[in-house]
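I have placed the structure first, in the form of structure tokens, so that the comments after it can refer back to it.
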Amino acid sequence: MAVYLIDFENVGSDGLCGTENLTESDAVYIFYSSNSGRISMQMHQCICNSKANFTYFEITTGGKNALDFQLSSFLGYLISKNQSEDLYIISKDRGFQHVIGFWNDRAEELGVKDLKLIRKVSINAEDSPEESTPSDNTSGTPVITEEAADIILDEENETVSSDVVRSVIQNMEEVTSHTALHKQLVFILGHEQGSAVYHDIGTKTALNRQDFHKKLVAKFGQANGSFIYNKLKKLIAK
């Protein structure tokens, strides 16, 4: 029996890939919030056809990390309830490694035997805590992997690399609104970093397109600033 805790706010429908291979003894707990994207129709069909048991937890209270805290709390409950299950956290958020490290270091002294606790980015990803996000990209366009997203903050200035911001924008779906831009950035980079990039880009504070371009170039450099401008300028009033 395997139990999967889904950080849907972080991984979206991609994290549920593999549900069709689960058995009736497996359990899936999906944690979601108003910051989560919509589940795709294809994935909805996979869930309906899956033999596993699904439970949904809507996170309606708390701050920006409320989902992480509540998922981690529920994980502790499951460990104390049944120690024979394989437990998986499905998230690209490497912060969960601290939770896993805690249990791996203290499981024996707390009376937890044969604990198998792993984080991965989707249900069907290999059992490796450092698994990167799978990609079907064949265009040669750079893709932001989990490792890249985890190191984009400059330690001194706590700002996001302009090259990474460009790559993130390049690999996003078409952006049609400020809300859609924020959601996609959060999905790729996580809530904290995605929100920071969204505010840095400044689509909602630009006075006009000329002002928008000027600010982007000043912050991200001529090449990257102009690239981001051309991708997002339709969001700015003329």
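Letters A, B, ... mark the chains of the structure tokens in the order given; residue numbers begin at 1 per chain; ligand numbers begin at 1, in order shown.
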
Need to verify the contact set: segment 18-24 of chain A, 9 Å, only C-alpha atoms, exclusion of same-chain residues closer than 5 positions in sequence. Can you return it as a PDB file with N, CA, C and O atoms, in the first residue's frame?
```pdb
ATOM      1  N   MET A   1       0.839  -1.204   0.000  1.00  0.00           N
ATOM      2  CA  MET A   1       0.000   0.000   0.000  1.00  0.00           C
ATOM      3  C   MET A   1       0.867   1.243   0.000  1.00  0.00           C
ATOM      4  O   MET A   1       1.852   1.325   0.714  1.00  0.00           O
ATOM      5  N   ALA A   2       0.511   2.205  -0.820  1.00  0.00           N
ATOM      6  CA  ALA A   2       1.244   3.467  -0.898  1.00  0.00           C
ATOM      7  C   ALA A   2       0.274   4.618  -0.678  1.00  0.00           C
ATOM      8  O   ALA A   2      -0.884   4.566  -1.084  1.00  0.00           O
ATOM      9  N   MET A  43      -6.832  14.608 -16.770  1.00  0.00           N
ATOM     10  CA  MET A  43      -6.483  14.094 -15.450  1.00  0.00           C
ATOM     11  C   MET A  43      -7.727  13.752 -14.647  1.00  0.00           C
ATOM     12  O   MET A  43      -7.734  12.792 -13.864  1.00  0.00           O
ATOM     13  N   CYS A  46      -8.653  10.383 -15.592  1.00  0.00           N
ATOM     14  CA  CYS A  46      -7.742   9.393 -15.005  1.00  0.00           C
ATOM     15  C   CYS A  46      -8.107   9.109 -13.554  1.00  0.00           C
ATOM     16  O   CYS A  46      -8.075   7.956 -13.100  1.00  0.00           O
ATOM     17  N   ILE A  47      -8.475  10.154 -12.809  1.00  0.00           N
ATOM     18  CA  ILE A  47      -8.859   9.981 -11.416  1.00  0.00           C
ATOM     19  C   ILE A  47     -10.132   9.153 -11.314  1.00  0.00           C
ATOM     20  O   ILE A  47     -10.253   8.255 -10.472  1.00  0.00           O
ATOM     21  N   ASN A  49     -11.167   6.943 -13.310  1.00  0.00           N
ATOM     22  CA  ASN A  49     -10.918   5.552 -13.700  1.00  0.00           C
ATOM     23  C   ASN A  49      -9.924   4.840 -12.787  1.00  0.00           C
ATOM     24  O   ASN A  49      -9.733   3.628 -12.902  1.00  0.00           O
ATOM     25  N   SER A  50      -9.303   5.588 -11.881  1.00  0.00           N
ATOM     26  CA  SER A  50      -8.301   4.996 -10.996  1.00  0.00           C
ATOM     27  C   SER A  50      -8.959   4.133  -9.923  1.00  0.00           C
ATOM     28  O   SER A  50     -10.060   4.412  -9.452  1.00  0.00           O
ATOM     29  N   LYS A  51      -8.266   3.081  -9.521  1.00  0.00           N
ATOM     30  CA  LYS A  51      -8.764   2.188  -8.470  1.00  0.00           C
ATOM     31  C   LYS A  51      -8.419   2.704  -7.074  1.00  0.00           C
ATOM     32  O   LYS A  51      -8.934   2.194  -6.076  1.00  0.00           O
ATOM     33  N   ALA A  52      -7.554   3.711  -7.001  1.00  0.00           N
ATOM     34  CA  ALA A  52      -7.105   4.231  -5.707  1.00  0.00           C
ATOM     35  C   ALA A  52      -8.212   5.030  -5.024  1.00  0.00           C
ATOM     36  O   ALA A  52      -9.195   5.440  -5.646  1.00  0.00           O
ATOM     37  N   ASN A  53      -8.036   5.246  -3.728  1.00  0.00           N
ATOM     38  CA  ASN A  53      -8.976   6.049  -2.946  1.00  0.00           C
ATOM     39  C   ASN A  53      -8.481   7.490  -2.893  1.00  0.00           C
ATOM     40  O   ASN A  53      -7.329   7.740  -2.503  1.00  0.00           O
ATOM     41  N   SER A 122       5.891  13.777  -9.204  1.00  0.00           N
ATOM     42  CA  SER A 122       4.642  13.207  -9.707  1.00  0.00           C
ATOM     43  C   SER A 122       4.518  11.773  -9.199  1.00  0.00           C
ATOM     44  O   SER A 122       5.507  11.173  -8.764  1.00  0.00           O
ATOM     45  N   ILE A 123       3.315  11.245  -9.262  1.00  0.00           N
ATOM     46  CA  ILE A 123       3.085   9.899  -8.765  1.00  0.00           C
ATOM     47  C   ILE A 123       3.933   8.881  -9.506  1.00  0.00           C
ATOM     48  O   ILE A 123       4.469   7.938  -8.908  1.00  0.00           O
ATOM     49  N   ASN A 124       4.088   9.054 -10.816  1.00  0.00           N
ATOM     50  CA  ASN A 124       4.812   8.050 -11.596  1.00  0.00           C
ATOM     51  C   ASN A 124       6.298   8.356 -11.759  1.00  0.00           C
ATOM     52  O   ASN A 124       6.992   7.670 -12.502  1.00  0.00           O
ATOM     53  N   ALA A 125       6.808   9.383 -11.064  1.00  0.00           N
ATOM     54  CA  ALA A 125       8.243   9.662 -11.109  1.00  0.00           C
ATOM     55  C   ALA A 125       8.987   8.570 -10.342  1.00  0.00           C
ATOM     56  O   ALA A 125       8.424   7.905  -9.475  1.00  0.00           O
TER      57      ALA A 125
END
```

Original post:
Could you pull out the alpha helix (DSSP H) residues of segment 11-227 of chain A from DSSP and send them as a ChimeraX atom specification?
Top reply: /A:11,41-49,66-81,96-106,146-150,162-171,178-189,191-201,209-220,222-227

Original post:
From the list A:Glu9, A:Asp14, A:Ile89, A:Leu115, which residue is nearest Leu185 of chain A when using only C-alpha atoms?
Top reply: A:Glu9

Original post:
What lies within 12 Å of Lys215 of chain A using only C-alpha atoms, ignoring chain neighbours under 6 positions off, as a ChimeraX atom specification?
Top reply: /A:200-203,205-209,221-222,224-226,228-229

Original post:
atom CA of Lys113 of chain A to atom CA of Tyr88 of chain A: how many Å, to one decimal?
Top reply: 16.3 Å
